[in-house]
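Read through the structure below, which is laid out as C-alpha coordinates, and then see the notes.
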Amino acid sequence: MRGLPNLGRIFGVSLRLHYTWAMAFVLITAMVVTQFPEAYPLWQRITLGIAASLLFFISVSVREFVISLTAISRGIPVKSITLFVFGGVSQVTKEATRPILELLLAAAGLLSSLVIAGVFYGIYAVLVNAGSIVIAGLIQWLAFIYFMLFLFHFIPGFPLDGGRALRALLWKVTDDYEQATRIASWAGWGIGLLCIVGGILLLIVGRQWFVGLVLTGMGWVLQTAAAQSRRQAVLHEALQSIIAQDLMTKEYPLITPQFSLGQLVRDYITVTGRRYFVVVDGVKLLGIVTMRNVKSIPKKRWDSTHIGEIMTPASELKAAHPQQPAASLLEQMDELGIDHMPVLEEDKVIGIVARDSLIHLAKTRAKLGI
(Lines give C-alpha, C1' and ligand atoms only; values in the text may rest on other atoms or scores of the structure.)
Protein backbone atom coordinates (compact mmCIF):
# COMPACT_ATOMS: atom_id res chain seq x y z
CA MET A 1 0.00 0.00 0.00
CA ARG A 2 2.89 2.23 -0.60
CA GLY A 3 2.51 5.27 -2.81
CA LEU A 4 -0.98 6.11 -1.54
CA PRO A 5 -1.79 9.67 -0.47
CA ASN A 6 -1.20 10.01 3.28
CA LEU A 7 -3.86 12.03 5.11
CA GLY A 8 -1.81 12.30 8.30
CA ARG A 9 -2.12 10.61 11.67
CA ILE A 10 -4.95 10.56 14.21
CA PHE A 11 -4.25 9.01 17.63
CA GLY A 12 -1.05 7.59 16.12
CA VAL A 13 -2.92 5.89 13.24
CA SER A 14 -1.68 6.62 9.71
CA LEU A 15 -4.58 7.37 7.32
CA ARG A 16 -4.16 6.66 3.61
CA LEU A 17 -6.55 7.40 0.79
CA HIS A 18 -6.91 4.68 -1.85
CA TYR A 19 -6.86 5.80 -5.48
CA THR A 20 -10.37 4.40 -6.05
CA TRP A 21 -11.69 7.52 -4.30
CA ALA A 22 -10.92 9.49 -7.46
CA MET A 23 -13.46 7.34 -9.29
CA ALA A 24 -15.89 7.69 -6.39
CA PHE A 25 -15.77 11.50 -6.39
CA VAL A 26 -16.41 11.63 -10.13
CA LEU A 27 -19.19 9.02 -9.96
CA ILE A 28 -21.00 10.61 -7.01
CA THR A 29 -20.83 14.06 -8.58
CA ALA A 30 -22.11 12.72 -11.90
CA MET A 31 -24.95 10.88 -10.18
CA VAL A 32 -26.14 14.01 -8.39
CA VAL A 33 -25.94 16.02 -11.62
CA THR A 34 -28.03 13.46 -13.49
CA GLN A 35 -30.44 12.54 -10.69
CA PHE A 36 -31.45 16.04 -9.68
CA PRO A 37 -34.15 17.67 -11.87
CA GLU A 38 -32.82 19.62 -14.85
CA ALA A 39 -34.86 22.56 -13.59
CA TYR A 40 -31.90 23.29 -11.34
CA PRO A 41 -29.02 25.09 -13.11
CA LEU A 42 -26.07 22.90 -14.09
CA TRP A 43 -23.64 24.82 -11.87
CA GLN A 44 -25.93 24.23 -8.89
CA ARG A 45 -26.15 20.49 -9.57
CA ILE A 46 -22.37 20.27 -9.92
CA THR A 47 -21.92 22.15 -6.65
CA LEU A 48 -24.35 19.79 -4.93
CA GLY A 49 -22.49 16.82 -6.42
CA ILE A 50 -19.16 18.01 -5.06
CA ALA A 51 -20.78 18.66 -1.67
CA ALA A 52 -22.27 15.16 -1.68
CA SER A 53 -18.84 13.66 -2.45
CA LEU A 54 -17.23 15.53 0.42
CA LEU A 55 -20.01 14.64 2.87
CA PHE A 56 -19.80 10.99 1.86
CA PHE A 57 -16.02 11.02 2.33
CA ILE A 58 -16.38 12.63 5.76
CA SER A 59 -19.00 10.09 6.82
CA VAL A 60 -16.78 7.16 5.76
CA SER A 61 -13.87 8.72 7.67
CA VAL A 62 -16.06 9.10 10.77
CA ARG A 63 -17.07 5.45 10.49
CA GLU A 64 -13.45 4.34 10.45
CA PHE A 65 -12.64 6.72 13.29
CA VAL A 66 -15.29 5.00 15.42
CA ILE A 67 -13.96 1.54 14.54
CA SER A 68 -10.39 2.60 15.31
CA LEU A 69 -11.41 4.02 18.68
CA THR A 70 -13.19 0.74 19.44
CA ALA A 71 -10.06 -1.22 18.50
CA ILE A 72 -7.72 1.00 20.52
CA SER A 73 -10.03 0.87 23.55
CA ARG A 74 -9.77 -2.95 23.41
CA GLY A 75 -5.99 -2.84 23.28
CA ILE A 76 -5.67 -3.47 19.54
CA PRO A 77 -2.90 -1.26 18.10
CA VAL A 78 -4.05 -0.04 14.67
CA LYS A 79 -0.96 0.98 12.70
CA SER A 80 -2.61 2.33 9.58
CA ILE A 81 -5.93 2.53 7.75
CA THR A 82 -6.43 2.60 3.99
CA LEU A 83 -9.72 4.33 3.16
CA PHE A 84 -11.76 2.72 0.39
CA VAL A 85 -15.18 3.91 -0.77
CA PHE A 86 -17.04 1.36 1.38
CA GLY A 87 -14.84 1.91 4.44
CA GLY A 88 -11.33 1.30 5.66
CA VAL A 89 -8.91 -1.61 5.78
CA SER A 90 -6.92 -1.54 9.00
CA GLN A 91 -3.39 -2.88 9.35
CA VAL A 92 -3.50 -5.03 12.48
CA THR A 93 -1.15 -7.92 13.25
CA LYS A 94 -2.44 -11.37 14.16
CA GLU A 95 -0.72 -11.14 17.53
CA ALA A 96 -2.65 -7.98 18.43
CA THR A 97 -6.17 -9.33 18.03
CA ARG A 98 -8.41 -12.37 18.54
CA PRO A 99 -11.48 -13.77 16.76
CA ILE A 100 -13.89 -12.34 19.34
CA LEU A 101 -12.35 -8.89 18.96
CA GLU A 102 -12.64 -9.13 15.16
CA LEU A 103 -16.37 -9.87 15.59
CA LEU A 104 -16.66 -6.85 17.88
CA LEU A 105 -15.06 -4.56 15.30
CA ALA A 106 -17.36 -5.93 12.58
CA ALA A 107 -20.35 -5.15 14.79
CA ALA A 108 -18.99 -1.66 15.49
CA GLY A 109 -18.67 -1.04 11.76
CA LEU A 110 -22.24 -2.13 11.05
CA LEU A 111 -23.66 -0.12 13.92
CA SER A 112 -21.76 3.04 12.98
CA SER A 113 -22.98 2.76 9.37
CA LEU A 114 -26.59 2.48 10.56
CA VAL A 115 -26.20 5.42 12.92
CA ILE A 116 -24.69 7.62 10.20
CA ALA A 117 -27.57 6.75 7.84
CA GLY A 118 -29.98 7.64 10.64
CA VAL A 119 -28.23 10.97 11.26
CA PHE A 120 -28.49 11.84 7.58
CA TYR A 121 -32.21 11.00 7.61
CA GLY A 122 -32.74 13.09 10.75
CA ILE A 123 -31.05 16.07 9.11
CA TYR A 124 -33.24 15.53 6.05
CA ALA A 125 -36.40 15.64 8.17
CA VAL A 126 -35.29 18.86 9.85
CA LEU A 127 -34.48 20.52 6.51
CA VAL A 128 -37.84 19.51 5.02
CA ASN A 129 -39.65 21.14 7.93
CA ALA A 130 -37.47 24.21 7.48
CA GLY A 131 -38.36 24.44 3.80
CA SER A 132 -34.83 23.81 2.46
CA ILE A 133 -35.99 21.48 -0.28
CA VAL A 134 -32.81 21.42 -2.38
CA ILE A 135 -30.41 20.64 0.47
CA ALA A 136 -32.97 18.24 1.97
CA GLY A 137 -33.04 16.30 -1.30
CA LEU A 138 -29.26 15.98 -1.24
CA ILE A 139 -29.20 14.76 2.37
CA GLN A 140 -32.01 12.31 1.68
CA TRP A 141 -29.97 10.89 -1.20
CA LEU A 142 -26.96 10.50 1.12
CA ALA A 143 -29.13 8.81 3.76
CA PHE A 144 -30.32 6.31 1.16
CA ILE A 145 -26.78 5.65 -0.13
CA TYR A 146 -25.43 5.12 3.36
CA PHE A 147 -28.28 2.80 4.32
CA MET A 148 -27.51 0.75 1.21
CA LEU A 149 -23.86 0.76 2.27
CA PHE A 150 -24.96 -0.56 5.68
CA LEU A 151 -26.75 -3.45 3.95
CA PHE A 152 -23.78 -4.00 1.62
CA HIS A 153 -21.50 -4.56 4.61
CA PHE A 154 -23.49 -7.67 5.60
CA ILE A 155 -22.03 -9.46 2.56
CA PRO A 156 -19.58 -12.15 3.82
CA GLY A 157 -16.59 -11.01 1.80
CA PHE A 158 -13.46 -9.46 3.30
CA PRO A 159 -12.78 -6.59 3.91
CA LEU A 160 -16.49 -5.79 4.38
CA ASP A 161 -17.84 -6.10 7.93
CA GLY A 162 -19.57 -9.36 7.01
CA GLY A 163 -16.28 -10.62 5.59
CA ARG A 164 -14.49 -9.60 8.75
CA ALA A 165 -16.96 -11.64 10.75
CA LEU A 166 -16.45 -14.57 8.33
CA ARG A 167 -12.69 -14.35 8.80
CA ALA A 168 -13.09 -14.33 12.58
CA LEU A 169 -15.27 -17.46 12.47
CA LEU A 170 -12.87 -19.24 10.08
CA TRP A 171 -9.95 -18.23 12.28
CA LYS A 172 -11.75 -19.63 15.33
CA VAL A 173 -12.43 -22.93 13.56
CA THR A 174 -9.08 -23.43 11.79
CA ASP A 175 -6.81 -21.61 14.23
CA ASP A 176 -5.04 -20.22 11.14
CA TYR A 177 -5.28 -16.44 10.72
CA GLU A 178 -3.59 -16.26 7.30
CA GLN A 179 -5.70 -19.05 5.82
CA ALA A 180 -8.87 -17.47 7.18
CA THR A 181 -7.85 -14.13 5.63
CA ARG A 182 -7.18 -15.76 2.25
CA ILE A 183 -10.55 -17.56 2.20
CA ALA A 184 -12.50 -14.48 3.28
CA SER A 185 -10.60 -12.35 0.74
CA TRP A 186 -11.34 -14.81 -2.07
CA ALA A 187 -15.01 -14.59 -1.06
CA GLY A 188 -14.80 -10.79 -1.26
CA TRP A 189 -13.11 -10.96 -4.67
CA GLY A 190 -15.76 -13.34 -6.00
CA ILE A 191 -18.64 -11.26 -4.69
CA GLY A 192 -17.01 -8.18 -6.21
CA LEU A 193 -16.94 -9.96 -9.58
CA LEU A 194 -20.64 -10.83 -9.25
CA CYS A 195 -21.42 -7.18 -8.46
CA ILE A 196 -19.56 -6.05 -11.58
CA VAL A 197 -21.39 -8.56 -13.79
CA GLY A 198 -24.73 -7.63 -12.21
CA GLY A 199 -24.05 -3.93 -12.62
CA ILE A 200 -23.14 -4.32 -16.29
CA LEU A 201 -26.31 -6.34 -16.92
CA LEU A 202 -28.40 -3.63 -15.27
CA LEU A 203 -26.72 -1.02 -17.45
CA ILE A 204 -27.15 -2.92 -20.73
CA VAL A 205 -30.38 -4.87 -20.27
CA GLY A 206 -32.29 -2.95 -17.63
CA ARG A 207 -31.11 0.56 -18.57
CA GLN A 208 -30.85 1.29 -14.87
CA TRP A 209 -27.89 3.66 -15.01
CA PHE A 210 -27.84 4.76 -11.39
CA VAL A 211 -28.03 1.31 -9.76
CA GLY A 212 -25.87 -0.26 -12.47
CA LEU A 213 -23.04 2.24 -12.07
CA VAL A 214 -23.13 2.03 -8.27
CA LEU A 215 -23.12 -1.77 -8.29
CA THR A 216 -20.31 -1.96 -10.87
CA GLY A 217 -18.22 0.61 -9.02
CA MET A 218 -18.66 -1.06 -5.64
CA GLY A 219 -17.82 -4.44 -7.15
CA TRP A 220 -14.60 -3.09 -8.60
CA VAL A 221 -13.56 -1.45 -5.33
CA LEU A 222 -14.40 -4.62 -3.37
CA GLN A 223 -12.33 -6.71 -5.77
CA THR A 224 -9.40 -4.31 -5.44
CA ALA A 225 -9.51 -4.27 -1.65
CA ALA A 226 -9.98 -8.05 -1.37
CA ALA A 227 -7.08 -8.77 -3.74
CA GLN A 228 -4.85 -6.39 -1.80
CA SER A 229 -5.76 -8.02 1.51
CA ARG A 230 -5.15 -11.49 0.07
CA ARG A 231 -1.73 -10.53 -1.31
CA GLN A 232 -0.75 -9.06 2.03
CA ALA A 233 -1.81 -12.24 3.84
CA VAL A 234 0.11 -14.44 1.39
CA LEU A 235 3.28 -12.36 1.72
CA HIS A 236 3.12 -12.34 5.51
CA GLU A 237 2.50 -16.09 5.67
CA ALA A 238 5.45 -16.73 3.34
CA LEU A 239 7.74 -14.73 5.62
CA GLN A 240 6.96 -16.79 8.70
CA SER A 241 10.08 -18.08 10.50
CA ILE A 242 12.30 -15.59 8.63
CA ILE A 243 14.09 -12.93 10.70
CA ALA A 244 16.08 -9.82 9.83
CA GLN A 245 19.52 -11.39 10.09
CA ASP A 246 18.50 -14.12 7.61
CA LEU A 247 17.93 -11.72 4.74
CA MET A 248 19.95 -8.60 5.55
CA THR A 249 22.91 -7.76 3.36
CA LYS A 250 26.29 -7.06 4.90
CA GLU A 251 27.67 -5.59 1.70
CA TYR A 252 27.01 -1.87 1.83
CA PRO A 253 29.25 1.20 1.74
CA LEU A 254 29.95 3.04 4.98
CA ILE A 255 30.59 6.76 4.73
CA THR A 256 31.59 9.37 7.28
CA PRO A 257 29.92 12.71 8.02
CA GLN A 258 32.93 14.53 6.54
CA PHE A 259 32.41 12.90 3.12
CA SER A 260 31.43 15.47 0.48
CA LEU A 261 28.17 15.07 -1.39
CA GLY A 262 29.95 15.54 -4.71
CA GLN A 263 32.33 12.67 -3.90
CA LEU A 264 29.40 10.46 -2.93
CA VAL A 265 27.64 11.14 -6.25
CA ARG A 266 30.78 10.61 -8.37
CA ASP A 267 32.30 7.61 -6.55
CA TYR A 268 29.17 5.70 -5.53
CA ILE A 269 25.81 6.78 -6.92
CA THR A 270 26.75 7.19 -10.60
CA VAL A 271 29.07 4.14 -10.53
CA THR A 272 27.11 1.57 -8.49
CA GLY A 273 23.55 2.91 -8.73
CA ARG A 274 23.14 2.64 -4.97
CA ARG A 275 20.52 4.92 -3.47
CA TYR A 276 20.92 4.25 0.26
CA PHE A 277 24.04 4.97 2.31
CA VAL A 278 24.87 4.45 5.97
CA VAL A 279 26.71 7.23 7.79
CA VAL A 280 28.81 5.97 10.69
CA ASP A 281 31.43 6.94 13.21
CA GLY A 282 33.47 3.78 13.25
CA VAL A 283 30.63 1.26 13.40
CA LYS A 284 28.12 3.41 15.31
CA LEU A 285 25.17 4.56 13.24
CA LEU A 286 24.95 8.35 12.86
CA GLY A 287 22.36 8.53 10.10
CA ILE A 288 21.50 7.61 6.52
CA VAL A 289 21.57 9.38 3.16
CA THR A 290 19.08 8.67 0.40
CA MET A 291 18.35 10.18 -3.00
CA ARG A 292 15.82 12.43 -1.31
CA ASN A 293 18.62 13.99 0.73
CA VAL A 294 20.82 14.33 -2.36
CA LYS A 295 18.12 16.00 -4.46
CA SER A 296 17.49 18.57 -1.74
CA ILE A 297 20.86 20.19 -2.52
CA PRO A 298 21.54 22.12 -5.78
CA LYS A 299 24.30 20.57 -7.94
CA LYS A 300 26.52 23.64 -7.66
CA ARG A 301 26.73 23.06 -3.90
CA TRP A 302 27.51 19.33 -3.97
CA ASP A 303 31.27 19.68 -3.54
CA SER A 304 30.92 22.19 -0.70
CA THR A 305 28.29 20.18 1.19
CA HIS A 306 29.25 17.50 3.68
CA ILE A 307 27.18 14.37 4.28
CA GLY A 308 26.75 15.28 7.95
CA GLU A 309 24.82 18.39 6.90
CA ILE A 310 22.15 16.59 4.88
CA MET A 311 21.87 13.11 6.42
CA THR A 312 18.77 11.95 8.26
CA PRO A 313 20.05 11.50 11.83
CA ALA A 314 19.82 8.16 13.62
CA SER A 315 17.41 9.64 16.17
CA GLU A 316 14.79 10.03 13.40
CA LEU A 317 15.26 6.55 11.93
CA LYS A 318 13.45 3.28 12.46
CA ALA A 319 15.94 0.44 12.85
CA ALA A 320 15.49 -3.33 12.96
CA HIS A 321 17.03 -5.77 15.39
CA PRO A 322 18.58 -9.07 14.20
CA GLN A 323 15.78 -11.29 15.56
CA GLN A 324 12.90 -9.13 14.28
CA PRO A 325 10.39 -11.15 12.17
CA ALA A 326 10.49 -10.37 8.46
CA ALA A 327 6.71 -9.88 8.31
CA SER A 328 7.00 -7.18 10.99
CA LEU A 329 9.75 -5.49 8.95
CA LEU A 330 7.57 -5.43 5.84
CA GLU A 331 4.69 -3.90 7.81
CA GLN A 332 6.96 -1.17 9.18
CA MET A 333 8.39 -0.35 5.76
CA ASP A 334 4.91 -0.15 4.22
CA GLU A 335 3.68 2.04 7.06
CA LEU A 336 6.65 4.43 6.85
CA GLY A 337 6.95 4.36 3.06
CA ILE A 338 10.65 3.41 3.10
CA ASP A 339 12.66 0.93 1.03
CA HIS A 340 15.57 0.18 3.39
CA MET A 341 16.11 -0.28 7.09
CA PRO A 342 19.37 -0.66 9.02
CA VAL A 343 19.79 -3.64 11.36
CA LEU A 344 21.40 -2.68 14.66
CA GLU A 345 23.01 -4.67 17.42
CA GLU A 346 24.04 -2.60 20.45
CA ASP A 347 23.93 0.61 18.35
CA LYS A 348 26.23 -0.97 15.75
CA VAL A 349 25.16 -1.44 12.14
CA ILE A 350 25.44 -5.11 11.19
CA GLY A 351 23.38 -5.11 8.00
CA ILE A 352 20.74 -3.52 5.79
CA VAL A 353 17.31 -4.94 4.91
CA ALA A 354 15.89 -3.91 1.52
CA ARG A 355 12.14 -3.96 0.90
CA ASP A 356 12.67 -5.38 -2.60
CA SER A 357 14.53 -8.32 -1.07
CA LEU A 358 11.66 -8.93 1.36
CA ILE A 359 9.06 -8.90 -1.42
CA HIS A 360 11.18 -11.11 -3.71
CA LEU A 361 11.78 -13.65 -0.95
CA ALA A 362 8.12 -13.70 0.05
CA LYS A 363 6.95 -14.23 -3.55
CA THR A 364 9.52 -16.99 -4.11
CA ARG A 365 8.53 -18.83 -0.94
CA ALA A 366 4.83 -18.41 -1.76
CA LYS A 367 5.31 -19.92 -5.24
CA LEU A 368 7.14 -22.88 -3.72
CA GLY A 369 4.40 -23.31 -1.12
CA ILE A 370 6.83 -22.81 1.76
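Note on naming: chains are A, B, ... as they come in the C-alpha coordinates, residues start from 1 per chain, ligands start from 1 in the order shown.
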Please run DSSP on the backbone and report, as a VMD selection string, all residues within range 104-274 of chain A that come out as alpha helix (DSSP H).
-> chain A and resid 104 to 130 133 to 152 161 to 174 177 to 201 209 to 238 244 to 247 261 to 264 270 to 272
Report the closest atom pair, with its distance in Å rounded to one decimal, for each residue of range 210-326 of chain A that has an atom no farther than 6 Å from range 340-359 of chain A; count only C-alpha atoms, sort by chain and then rising residue number, and write it as a Markdown table.
| residue | atom | partner | partner_atom | distance |
| --- | --- | --- | --- | --- |
| A:Met248 | CA | A:Val353 | CA | 4.6 |
| A:Thr249 | CA | A:Ile352 | CA | 5.3 |
| A:Lys250 | CA | A:Gly351 | CA | 4.7 |
| A:Val283 | CA | A:Lys348 | CA | 5.5 |
| A:Lys284 | CA | A:Lys348 | CA | 4.8 |
| A:Ala319 | CA | A:Pro342 | CA | 5.3 |
| A:Ala320 | CA | A:Val343 | CA | 4.6 |
| A:His321 | CA | A:Val343 | CA | 5.3 |
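Between CA of Phe152 in chain A and CA of Ile50 in chain A the interatomic distance comes to 23.5 Å.
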Contacts of Arg167 in chain A at 6 Å (only C-alpha atoms; same-chain gap of 4+ positions) as a ChimeraX atom specification | /A:171,180-181,184
So that each row is one residue of range 87-136 of chain A with an atom at most 12 Å from range 56-68 of chain A, can you give its shortest atom pair and the distance in Å to one decimal, using only C-alpha atoms, rows by chain and rising number, as a Markdown table?
| residue | atom | partner | partner_atom | distance |
| --- | --- | --- | --- | --- |
| A:Gly87 | CA | A:Val60 | CA | 5.7 |
| A:Gly88 | CA | A:Glu64 | CA | 6.0 |
| A:Val89 | CA | A:Glu64 | CA | 8.8 |
| A:Ser90 | CA | A:Ser68 | CA | 8.3 |
| A:Gln91 | CA | A:Ser68 | CA | 10.7 |
| A:Val92 | CA | A:Ser68 | CA | 10.7 |
| A:Leu101 | CA | A:Ile67 | CA | 11.4 |
| A:Glu102 | CA | A:Ile67 | CA | 10.8 |
| A:Leu103 | CA | A:Ile67 | CA | 11.7 |
| A:Leu104 | CA | A:Ile67 | CA | 9.4 |
| A:Leu105 | CA | A:Ile67 | CA | 6.2 |
| A:Ala106 | CA | A:Ile67 | CA | 8.4 |
| A:Ala107 | CA | A:Ile67 | CA | 9.3 |
| A:Ala108 | CA | A:Ile67 | CA | 6.0 |
| A:Gly109 | CA | A:Ile67 | CA | 6.0 |
| A:Leu110 | CA | A:Arg63 | CA | 9.2 |
| A:Leu111 | CA | A:Arg63 | CA | 9.3 |
| A:Ser112 | CA | A:Arg63 | CA | 5.8 |
| A:Ser113 | CA | A:Arg63 | CA | 6.6 |
| A:Leu114 | CA | A:Arg63 | CA | 10.0 |
| A:Val115 | CA | A:Arg63 | CA | 9.4 |
| A:Ile116 | CA | A:Ser59 | CA | 7.1 |
| A:Ala117 | CA | A:Ser59 | CA | 9.3 |
| A:Gly118 | CA | A:Ser59 | CA | 11.9 |
| A:Val119 | CA | A:Ser59 | CA | 10.3 |
| A:Phe120 | CA | A:Ser59 | CA | 9.7 |
Within range 34-277 of chain A, find each residue whose DSSP state, derived from the backbone, is strand (DSSP E or B), and express the selection as a list in words.
->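 Those residues are Ser80, Ile81, Thr82, Leu83, Gly88, Val89, Ser90, Gln91, Ile243, Thr249, Leu254, Ile255, Ser260, Tyr276 and Phe277 of chain A.
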Write out as a PyMOL selection string which residues come within 10 Å of range 24-40 of chain A when counting only C-alpha atoms, dropping same-chain ones fewer than 3 positions away.
-> chain A and resi 19-21+43-54+56-57+84-85+134+137-138+141+209-210+213-214+217-218+221
